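Student: Sharing coords22.txt, compact mmCIF, C-alpha atoms:
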# COMPACT_ATOMS: atom_id res chain seq x y z
CA MET T 1 -12.65 -1.11 41.78
CA LEU T 2 -14.72 -3.04 39.28
CA LEU T 3 -16.59 0.17 38.52
CA LEU T 4 -13.35 1.93 37.70
CA LEU T 5 -12.29 -0.88 35.41
CA LEU T 6 -15.59 -0.86 33.60
CA GLY T 7 -15.47 2.90 33.24
CA ILE T 8 -12.02 2.82 31.71
CA ILE T 9 -12.92 0.05 29.29
CA PHE T 10 -16.09 1.90 28.32
CA LEU T 11 -14.13 5.07 27.59
CA HIS T 12 -11.64 3.19 25.47
CA LEU T 13 -14.36 1.41 23.54
CA ALA T 14 -16.20 4.66 22.96
CA ALA T 15 -13.10 6.23 21.44
CA LEU T 16 -12.58 3.12 19.30
CA VAL T 17 -16.15 3.11 18.02
CA LEU T 18 -15.94 6.80 17.17
CA LEU T 19 -12.77 6.14 15.21
CA PHE T 20 -14.37 3.32 13.26
CA VAL T 21 -17.48 5.32 12.42
CA SER T 22 -15.50 8.37 11.44
CA THR T 23 -13.25 6.42 9.09
CA ILE T 24 -15.91 4.32 7.42
CA VAL T 25 -19.00 6.45 7.04
CA SER T 26 -19.06 8.77 4.09
CA ALA T 27 -19.85 12.11 5.64
CA TRP T 28 -16.76 14.28 6.06
CA THR T 29 -18.28 17.06 4.02
CA THR T 30 -21.89 17.45 3.06
CA GLY T 31 -23.64 19.74 0.67
CA GLU T 32 -27.17 19.88 -0.63
CA SER T 33 -26.69 16.94 -2.93
CA THR T 34 -23.16 15.72 -2.41
CA THR T 35 -21.32 14.00 0.37
CA SER T 36 -17.68 13.27 0.21
CA ASP T 37 -15.27 11.61 2.53
CA LEU T 38 -11.90 10.00 2.53
CA TRP T 39 -12.85 7.22 0.14
CA THR T 40 -15.58 8.31 -2.28
CA ASN T 41 -17.41 11.32 -3.54
CA CYS T 42 -21.12 10.69 -3.68
CA THR T 43 -23.80 12.71 -5.35
CA THR T 44 -27.45 11.88 -5.87
CA SER T 45 -26.55 10.34 -9.20
CA GLY T 46 -23.80 8.03 -8.06
CA CYS T 47 -20.53 7.52 -6.27
CA ILE T 48 -17.05 7.82 -7.69
CA THR T 49 -13.81 7.09 -5.92
CA ALA T 50 -12.18 10.14 -4.42
CA SER T 51 -9.34 11.96 -6.10
CA THR T 52 -6.02 10.24 -5.66
CA GLY T 53 -4.06 13.15 -4.30
CA GLU T 54 -1.18 12.59 -1.94
CA TRP T 55 -2.75 14.34 1.02
CA ILE T 56 -6.05 12.52 1.06
CA GLN T 57 -4.17 9.25 0.91
CA SER T 58 -2.13 10.31 3.89
CA VAL T 59 -5.32 11.15 5.81
CA GLN T 60 -6.64 7.68 4.98
CA ALA T 61 -3.43 6.08 6.17
CA VAL T 62 -3.34 8.05 9.41
CA MET T 63 -6.96 7.25 10.30
CA ILE T 64 -6.40 3.55 9.67
CA LEU T 65 -3.23 3.64 11.76
CA SER T 66 -5.10 5.27 14.64
CA ILE T 67 -7.69 2.49 14.55
CA ILE T 68 -4.97 -0.16 14.53
CA PHE T 69 -3.13 1.44 17.45
CA SER T 70 -6.30 1.82 19.48
CA CYS T 71 -7.19 -1.84 18.96
CA LEU T 72 -3.66 -2.84 19.88
CA SER T 73 -3.82 -0.79 23.08
CA LEU T 74 -7.11 -2.46 24.06
CA PHE T 75 -5.55 -5.85 23.53
CA LEU T 76 -2.45 -4.83 25.49
CA PHE T 77 -4.62 -3.53 28.32
CA PHE T 78 -6.16 -6.94 28.82
CA CYS T 79 -2.74 -8.57 28.61
CA GLN T 80 -1.22 -6.21 31.13
CA LEU T 81 -4.23 -6.52 33.42
CA PHE T 82 -3.31 -10.13 34.09
CA THR T 83 0.48 -10.02 33.89
CA LEU T 84 1.46 -6.71 35.51
CA GLN T 85 2.81 -6.71 39.07
CA LYS T 86 0.89 -4.96 41.79
CA GLY T 87 1.54 -1.22 41.73
CA GLY T 88 2.73 -1.21 38.18
CA ARG T 89 1.53 1.24 35.58
CA PHE T 90 -0.03 0.51 32.23
CA PHE T 91 2.63 2.38 30.33
CA LEU T 92 2.47 0.37 27.13
CA THR T 93 -1.31 0.59 26.88
CA GLY T 94 -1.23 4.30 27.54
CA THR T 95 1.51 4.90 24.95
CA PHE T 96 -0.40 3.15 22.22
CA GLN T 97 -3.62 4.97 23.05
CA ILE T 98 -1.88 8.33 23.09
CA LEU T 99 -0.24 7.54 19.76
CA ALA T 100 -3.66 6.68 18.35
CA SER T 101 -5.02 10.01 19.51
CA LEU T 102 -2.06 11.83 17.94
CA PHE T 103 -2.73 10.09 14.64
CA VAL T 104 -6.39 11.13 14.69
CA MET T 105 -5.38 14.67 15.49
CA SER T 106 -2.92 14.86 12.61
CA GLY T 107 -5.47 13.33 10.25
CA ALA T 108 -8.13 15.84 11.20
CA ILE T 109 -5.65 18.70 10.96
CA ILE T 110 -4.45 17.67 7.50
CA TYR T 111 -8.05 17.38 6.32
CA THR T 112 -8.91 20.79 7.72
CA VAL T 113 -5.92 22.45 6.13
CA MET T 114 -6.39 20.85 2.74
CA SER T 115 -10.17 21.18 2.65
CA PRO T 116 -10.23 24.37 0.53
CA GLU T 117 -8.70 22.25 -2.20
CA TRP T 118 -11.11 19.37 -1.98
CA VAL T 119 -14.32 20.84 -0.67
CA PRO T 120 -16.17 23.16 -3.03
CA GLU T 121 -17.62 26.34 -1.64
CA GLY T 122 -20.94 25.95 0.09
CA ASN T 123 -20.31 22.50 1.47
CA SER T 124 -20.07 22.20 5.21
CA PHE T 125 -18.20 19.64 7.26
CA GLY T 126 -20.17 16.51 7.99
CA TYR T 127 -20.57 14.52 11.17
CA SER T 128 -17.76 12.07 10.46
CA TYR T 129 -15.35 14.97 10.52
CA ILE T 130 -16.76 16.14 13.85
CA LEU T 131 -16.54 12.60 15.25
CA ALA T 132 -12.88 12.51 14.33
CA TRP T 133 -12.27 15.67 16.30
CA VAL T 134 -14.26 14.30 19.27
CA ALA T 135 -12.40 11.00 19.19
CA PHE T 136 -9.07 12.79 19.58
CA PRO T 137 -9.53 14.19 23.12
CA LEU T 138 -11.37 11.03 24.19
CA ALA T 139 -8.48 8.86 23.16
CA LEU T 140 -5.98 11.27 24.69
CA ILE T 141 -7.77 11.27 28.06
CA SER T 142 -8.07 7.51 27.96
CA GLY T 143 -4.36 7.16 27.27
CA LEU T 144 -3.44 9.54 30.07
CA ILE T 145 -5.63 7.62 32.52
CA TYR T 146 -3.79 4.44 31.60
CA VAL T 147 -0.44 6.07 32.22
CA ILE T 148 -1.50 7.42 35.62
CA LEU T 149 -3.39 4.36 36.77
CA ARG T 150 -1.71 1.91 39.09
CA LYS T 151 -2.65 -1.71 39.25
CA ARG T 152 -4.33 -2.81 42.42
CA GLU T 153 -5.47 -6.22 43.51
CA MET H 1 8.42 -9.54 -25.44
CA LEU H 2 7.42 -10.52 -28.96
CA THR H 3 8.82 -14.02 -28.64
CA PHE H 4 6.95 -14.46 -25.37
CA LEU H 5 3.73 -13.39 -27.06
CA ALA H 6 4.40 -15.72 -29.92
CA LEU H 7 5.01 -18.68 -27.61
CA THR H 8 1.85 -18.06 -25.59
CA SER H 9 -0.18 -17.70 -28.72
CA VAL H 10 1.23 -20.97 -30.07
CA ALA H 11 0.23 -22.65 -26.82
CA LEU H 12 -3.27 -21.19 -26.97
CA LEU H 13 -3.86 -21.83 -30.64
CA GLY H 14 -2.66 -25.39 -30.28
CA ILE H 15 -5.96 -26.10 -28.55
CA VAL H 16 -8.00 -24.32 -31.20
CA PRO H 17 -9.15 -26.49 -34.17
CA GLU H 18 -7.64 -25.96 -37.57
CA GLN H 19 -10.51 -24.15 -39.34
CA SER H 20 -10.38 -21.06 -37.12
CA GLN H 21 -6.80 -20.16 -37.98
CA ALA H 22 -6.67 -16.46 -38.21
CA ILE H 23 -4.16 -13.75 -37.85
CA ALA H 24 -3.95 -12.53 -34.24
CA ILE H 25 -2.89 -8.94 -33.68
CA TYR H 26 -1.39 -7.70 -30.42
CA THR H 27 -1.07 -4.17 -29.17
CA GLY H 28 -1.03 -2.84 -25.63
CA TRP H 29 -4.25 -2.21 -23.76
CA GLU H 30 -3.65 1.29 -22.47
CA ARG H 31 -0.71 3.66 -22.57
CA HIS H 32 -0.01 6.63 -20.33
CA ALA H 33 2.29 9.47 -21.28
CA LEU H 34 3.18 12.99 -20.29
CA VAL H 35 2.54 16.03 -22.44
CA GLY H 36 5.51 16.72 -24.67
CA SER H 37 7.00 13.26 -24.43
CA ASP H 38 7.31 10.58 -27.10
CA ILE H 39 5.57 7.26 -27.01
CA ARG H 40 6.00 4.06 -28.99
CA LEU H 41 2.82 2.18 -29.83
CA SER H 42 3.70 -1.41 -30.48
CA CYS H 43 1.81 -3.74 -32.78
CA SER H 44 2.71 -7.29 -33.70
CA PHE H 45 0.84 -10.25 -35.03
CA PHE H 46 0.82 -14.00 -34.97
CA SER H 47 0.13 -15.97 -38.12
CA TRP H 48 0.59 -19.62 -39.05
CA ARG H 49 2.08 -18.66 -42.36
CA TRP H 50 5.48 -17.31 -43.07
CA THR H 51 5.75 -13.54 -43.23
CA SER H 52 4.99 -12.71 -46.81
CA GLU H 53 6.46 -9.86 -48.81
CA ASP H 54 2.99 -8.30 -49.14
CA VAL H 55 2.52 -7.93 -45.39
CA THR H 56 0.65 -4.71 -44.55
CA PHE H 57 0.26 -2.71 -41.34
CA SER H 58 -2.17 0.14 -40.90
CA TRP H 59 -2.94 2.35 -37.95
CA THR H 60 -6.10 4.39 -37.50
CA TYR H 61 -6.84 6.97 -34.85
CA ARG H 62 -10.14 7.81 -33.21
CA PRO H 63 -10.10 10.83 -30.89
CA ASP H 64 -11.83 10.60 -27.50
CA GLY H 65 -15.44 11.60 -27.90
CA SER H 66 -15.48 11.26 -31.65
CA ARG H 67 -17.05 8.47 -33.63
CA ASP H 68 -14.93 8.78 -36.77
CA SER H 69 -11.52 7.29 -37.19
CA ILE H 70 -8.93 8.51 -39.59
CA SER H 71 -6.10 6.55 -41.02
CA ILE H 72 -2.68 7.74 -39.96
CA PHE H 73 -0.22 5.12 -41.10
CA HIS H 74 0.01 2.45 -43.77
CA TYR H 75 2.82 0.08 -44.64
CA THR H 76 2.57 -1.88 -47.83
CA GLY H 77 4.79 -3.22 -50.59
CA GLY H 78 7.89 -2.58 -48.53
CA ALA H 79 7.21 1.15 -48.06
CA ALA H 80 5.83 3.05 -45.08
CA TYR H 81 3.38 5.93 -45.61
CA VAL H 82 2.97 8.24 -42.62
CA ASP H 83 0.38 10.88 -41.95
CA ASN H 84 1.18 14.12 -43.79
CA LYS H 85 -2.15 15.93 -43.57
CA GLY H 86 -3.85 14.81 -40.39
CA PRO H 87 -3.32 15.53 -36.69
CA PHE H 88 -0.01 13.69 -36.60
CA ARG H 89 1.79 15.23 -39.56
CA ASP H 90 5.51 15.52 -38.90
CA ARG H 91 5.04 13.77 -35.55
CA LEU H 92 4.76 10.18 -36.67
CA GLU H 93 7.60 7.82 -37.39
CA PHE H 94 7.68 4.18 -38.32
CA VAL H 95 9.99 2.24 -36.01
CA GLY H 96 8.83 -1.26 -36.69
CA ASN H 97 10.40 -4.20 -38.49
CA PRO H 98 7.91 -5.84 -40.85
CA GLY H 99 10.24 -8.76 -41.42
CA ARG H 100 9.94 -9.51 -37.70
CA ARG H 101 6.19 -8.89 -37.66
CA ASP H 102 6.60 -5.63 -35.76
CA GLY H 103 4.55 -2.68 -36.93
CA SER H 104 5.22 -0.18 -34.18
CA ILE H 105 4.98 3.55 -34.63
CA LEU H 106 6.52 6.39 -32.67
CA LEU H 107 4.44 9.45 -31.76
CA LYS H 108 6.52 12.49 -30.90
CA ASN H 109 5.78 15.60 -28.87
CA LEU H 110 2.40 14.52 -27.51
CA GLU H 111 -0.37 17.02 -26.93
CA LEU H 112 -3.45 16.86 -24.74
CA ASN H 113 -5.62 16.48 -27.85
CA ASP H 114 -3.92 13.20 -28.69
CA ASN H 115 -6.08 11.31 -26.19
CA GLY H 116 -7.84 8.60 -28.10
CA THR H 117 -7.87 5.05 -29.40
CA PHE H 118 -5.27 3.79 -31.87
CA THR H 119 -6.17 0.68 -33.84
CA CYS H 120 -3.61 -1.51 -35.56
CA ASP H 121 -4.62 -3.80 -38.40
CA ALA H 122 -2.13 -6.20 -39.93
CA LYS H 123 -2.54 -8.51 -42.88
CA ASN H 124 -0.24 -11.32 -43.88
CA PRO H 125 -1.47 -12.59 -47.27
CA PRO H 126 -3.00 -15.13 -47.67
CA ASP H 127 -3.79 -14.93 -43.93
CA ILE H 128 -6.01 -11.86 -43.92
CA VAL H 129 -8.88 -12.75 -41.61
CA GLY H 130 -8.28 -11.16 -38.23
CA ARG H 131 -9.62 -8.68 -35.73
CA PRO H 132 -7.77 -5.36 -35.42
CA SER H 133 -6.48 -4.55 -31.94
CA SER H 134 -6.77 -1.20 -30.18
CA VAL H 135 -4.64 0.62 -27.68
CA ARG H 136 -5.92 3.56 -25.69
CA LEU H 137 -3.61 6.56 -25.22
CA LEU H 138 -3.98 8.79 -22.18
CA VAL H 139 -1.95 11.98 -22.03
CA PHE H 140 -1.40 13.61 -18.64
CA GLU H 141 0.03 16.91 -17.63
CA LYS H 142 1.64 15.33 -14.62
CA VAL H 143 1.87 11.72 -13.61
CA PRO H 144 -0.99 10.78 -11.29
CA ILE H 145 -0.33 8.59 -8.29
CA GLN H 146 -2.35 5.44 -8.08
CA ALA H 147 -4.92 5.24 -5.34
CA GLY H 148 -3.71 3.56 -2.23
CA VAL H 149 0.02 3.67 -2.91
CA ILE H 150 0.81 6.38 -0.40
CA THR H 151 -1.72 5.03 2.07
CA GLY H 152 -0.13 1.62 2.00
CA ALA H 153 3.33 3.11 2.20
CA ILE H 154 2.60 5.17 5.31
CA ILE H 155 0.86 2.32 7.10
CA GLY H 156 3.62 -0.10 6.17
CA VAL H 157 6.38 2.20 7.37
CA VAL H 158 4.78 2.92 10.74
CA LEU H 159 3.93 -0.71 11.47
CA GLY H 160 7.39 -1.73 10.32
CA LEU H 161 8.95 0.74 12.74
CA LEU H 162 6.78 -0.64 15.52
CA VAL H 163 7.85 -4.20 14.83
CA LEU H 164 11.48 -3.11 14.59
CA ILE H 165 11.31 -1.35 17.95
CA VAL H 166 9.77 -4.40 19.61
CA VAL H 167 12.39 -6.71 18.11
CA ILE H 168 15.26 -4.45 19.14
CA TYR H 169 13.87 -4.15 22.66
CA TYR H 170 13.67 -7.89 23.15
CA LEU H 171 17.08 -8.38 21.55
CA MET H 172 18.68 -5.88 23.94
CA ARG H 173 17.03 -7.53 26.92
CA PHE H 174 18.22 -10.92 25.78
CA LEU H 175 21.78 -9.78 25.15
CA VAL H 176 22.08 -7.90 28.41
CA ALA H 177 20.70 -10.85 30.39
CA ARG H 178 23.03 -13.24 28.61
CA ARG H 179 26.03 -11.08 29.34
CA VAL H 180 25.18 -10.78 33.01
CA PHE H 181 24.61 -14.51 33.16
CA SER H 182 27.94 -15.39 31.58
CA LEU H 183 29.81 -12.96 33.86
CA SER H 184 28.28 -14.43 37.00
CA VAL H 185 28.98 -17.98 35.82
CA SER H 186 32.67 -17.23 35.25
CA LYS H 187 32.99 -15.65 38.70
CA HIS H 188 31.37 -18.32 40.81
CA GLY H 189 31.79 -21.26 38.50
CA LYS H 190 34.39 -23.09 40.56
CA LYS H 191 33.13 -22.38 44.06
CA LYS H 192 29.49 -23.07 43.51
CA LYS H 193 29.54 -25.81 40.97
CA GLU H 194 27.49 -28.19 43.10
CA GLY H 195 25.02 -25.53 44.10
CA SER H 196 24.45 -24.48 40.53
CA GLN H 197 24.12 -28.06 39.37
CA GLN H 198 21.44 -28.70 41.94
CA ARG H 199 19.51 -25.65 40.93
CA GLN H 200 19.87 -25.52 37.20
CA GLY H 201 20.65 -28.84 35.59
CA PRO H 202 20.95 -28.56 31.79
CA VAL H 203 21.01 -24.86 31.03
CA PRO H 204 20.14 -23.66 27.52
CA PRO H 205 20.56 -19.88 27.78
CA ALA H 206 17.49 -19.18 25.69
CA ASP H 207 14.90 -17.83 28.07
CA PRO H 208 15.86 -14.38 29.32
CA SER H 209 13.31 -14.32 32.16
CA LYS H 210 14.55 -17.62 33.54
CA VAL H 211 18.12 -16.46 33.15
CA LYS H 212 17.27 -13.29 35.04
CA ALA H 213 15.67 -15.33 37.81
CA ALA H 214 18.75 -17.55 37.99
CA THR H 215 21.15 -14.61 38.16
CA SER H 216 19.08 -12.88 40.82
CA GLU H 217 19.01 -16.10 42.82
CA LYS H 218 22.75 -16.39 42.52
CA LYS H 219 23.17 -12.84 43.70
CA LYS H 220 20.89 -13.48 46.67
CA GLN H 221 22.85 -16.60 47.52
CA GLU H 222 26.12 -14.73 47.25
CA SER H 223 24.91 -11.91 49.48
CA ARG H 224 23.68 -14.41 52.06
CA LYS H 225 27.02 -16.19 52.13
CA ASP H 226 28.85 -12.88 52.31
CA LYS H 227 26.77 -11.92 55.31
CA LYS H 228 27.60 -15.20 57.01
How does the structure come out when it is put into structure tokens?
Tutor:
Amino acid sequence: MLLLLLGIIFLHLAALVLLFVSTIVSAWTTGESTTSDLWTNCTTSGCITASTGEWIQSVQAVMILSIIFSCLSLFLFFCQLFTLQKGGRFFLTGTFQILASLFVMSGAIIYTVMSPEWVPEGNSFGYSYILAWVAFPLALISGLIYVILRKRE
Amino acid sequence: MLTFLALTSVALLGIVPEQSQAIAIYTGWERHALVGSDIRLSCSFFSWRWTSEDVTFSWTYRPDGSRDSISIFHYTGGAAYVDNKGPFRDRLEFVGNPGRRDGSILLKNLELNDNGTFTCDAKNPPDIVGRPSSVRLLVFEKVPIQAGVITGAIIGVVLGLLVLIVVIYYLMRFLVARRVFSLSVSKHGKKKKEGSQQRQGPVPPADPSKVKAATSEKKKQESRKDKK
């Protein structure tokens, strides 16, 4: 029982950490000398803030929202752990986690679709971008587990 | 706008000692405009002396990337002289009021080459010592959105919706519980007055969970008595 609890919490925290790293670290696209991400474009000479288009701002917003929702679901999980009746399901926690995964998915999709505009030819996607895509199924699975799980003693 | 500037400058200069009286010239800091539109560049000054008849305004323009400035406007002796040979010929108009210390000019039909720094210099004899003030003009093809506006908007809307849903949910629960409570009270009020007084005492109908517990207890009691 304790093992199950620890496993679930570990999964949730892993998804959360991936979300944080993906949003903060500047490596959505990398080239030989440039890296660019949601917030800045960096070359070997220096960093400038990213272009202020509408779509990149929406990607920023959606990634931040997914982090907020994932943190909220973790907090709600601990609340529900102590207040839920026996046999009840962690619906609220699961909803928030699934919403967070949907936000990450839409952010990654928007970035992929708009990348021909922002990413010059020859640059490949960096590891932050890949982490965003990995965080999406992790968060989704975690949310589904919460919805299915029933509280035991 | 001008009176506000004048008042603040009076307040500031009140602290400054008398020797450093000088004419203070005010323009904007930066102006943004779209290609093809008109823009008014304002220039006004503050001086301790009355506005003299020999007040002069002059505007000079320095294109972005160039080190030379050319003079594009001069007002002196009651007459305004606009640019008739330079980059702003036929596009410049004087819209100021020298009597009110306003030396603003109007640039019409802006082009992308008009990016640059415009400097206004005003003199109010005998008050002629002053530093000219510059305003930077930026011409855009389309209006750029400031960084973070859309981000903040999306985050705000979603979180606002979340809070709204939570509030509505609790409000519905509270209203429904209150309604059930008031219905049950009106039904069994007379018969079970003593029983309810024992159980409840002073009842502020504020806590929906307690109200729910009370109504469920009443229902249990009623079903027990019905069975008997």
Student: Taking all atoms listed in the file into account, find every residue of chain H that has an atom no more than 9 Å from chain T, and write it out as an mmCIF file with C-alpha atoms, keeping the file's coordinate frame.
Tutor:
data_model
loop_
_atom_site.group_PDB
_atom_site.id
_atom_site.type_symbol
_atom_site.label_atom_id
_atom_site.label_comp_id
_atom_site.auth_asym_id
_atom_site.auth_seq_id
_atom_site.Cartn_x
_atom_site.Cartn_y
_atom_site.Cartn_z
ATOM 1 C CA PRO H 144 -0.990 10.780 -11.290
ATOM 2 C CA ILE H 145 -0.330 8.590 -8.290
ATOM 3 C CA GLN H 146 -2.350 5.440 -8.080
ATOM 4 C CA ALA H 147 -4.920 5.240 -5.340
ATOM 5 C CA GLY H 148 -3.710 3.560 -2.230
ATOM 6 C CA VAL H 149 0.020 3.670 -2.910
ATOM 7 C CA ILE H 150 0.810 6.380 -0.400
ATOM 8 C CA THR H 151 -1.720 5.030 2.070
ATOM 9 C CA GLY H 152 -0.130 1.620 2.000
ATOM 10 C CA ALA H 153 3.330 3.110 2.200
ATOM 11 C CA ILE H 154 2.600 5.170 5.310
ATOM 12 C CA ILE H 155 0.860 2.320 7.100
ATOM 13 C CA VAL H 158 4.780 2.920 10.740
ATOM 14 C CA LEU H 159 3.930 -0.710 11.470
#
Student: Would you list the contacts of Phe90 in chain T as an MDAnalysis selection string, taking every protein, DNA or RNA residue within 8 Å and counting all atoms listed in the file, but skipping same-chain residues closer than 6 positions in sequence?
Tutor: chainID T and resid 77 80 146:151
Student: Using only C-alpha atoms, which residues sit within 6 Å of Gln97 in chain T once same-chain residues fewer than 3 positions away are excluded, as a count of residues only?
Tutor: 5
Student: Env of range 88-93 of chain H: 7 Å cut, atoms = all atoms listed in the file, seq-sep filter 5 positions within chain, self excluded. Answer as a ChimeraX atom specification.
Tutor: /H:82-83,105-109
Student: Interatomic distance between CA of Ala139 in chain T and CA of Ala15 in chain T?
Tutor: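 CA of Ala15 in chain T lies 5.6 Å from CA of Ala139 in chain T.
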Student: What lies within 6 Å of Phe57 in chain H using only C-alpha atoms, ignoring chain neighbours under 5 positions off, as an mmCIF file with C-alpha atoms, in the frame of the given file?
Tutor:
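The result, stored in out-v1.cif:
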data_model
loop_
_atom_site.group_PDB
_atom_site.id
_atom_site.type_symbol
_atom_site.label_atom_id
_atom_site.label_comp_id
_atom_site.auth_asym_id
_atom_site.auth_seq_id
_atom_site.Cartn_x
_atom_site.Cartn_y
_atom_site.Cartn_z
ATOM 1 C CA HIS H 74 0.010 2.450 -43.770
ATOM 2 C CA TYR H 75 2.820 0.080 -44.640
ATOM 3 C CA ASP H 121 -4.620 -3.800 -38.400
ATOM 4 C CA ALA H 122 -2.130 -6.200 -39.930
#
Student: By how many Å are CA of Phe136 in chain T and CA of Phe82 in chain T apart?
Tutor: 27.7 Å
Student: Looking at T:Ala132, T:Val113, T:Leu99, T:Ile141, which one is nearest to Leu162 in chain H, with distances taken over only C-alpha atoms?
Tutor: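 The closest residue to Leu162 in chain H is T:Leu99.
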Student: Using all atoms listed in the file, which of the listed residues (T:Met114, T:Val104, T:Leu72, T:Leu11) sits closest to Thr23 in chain T?
Tutor: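 Of T:Met114, T:Val104, T:Leu72, T:Leu11, the one nearest Thr23 in chain T, counting all atoms listed in the file, is T:Val104.
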Student: For Ser44 in chain H, list every protein, DNA or RNA residue within 7 Å, evaluated using all atoms listed in the file, and leave out those in the same chain fewer than 3 positions away; present the list as a ChimeraX atom specification.
Tutor: /H:25-27,101-103
Student: Just how far from CA of Phe118 in chain H is CA of Phe46 in chain H, in Å to one decimal?
Tutor: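 Pair CA of Phe46 in chain H / CA of Phe118 in chain H returns 19.1 Å.
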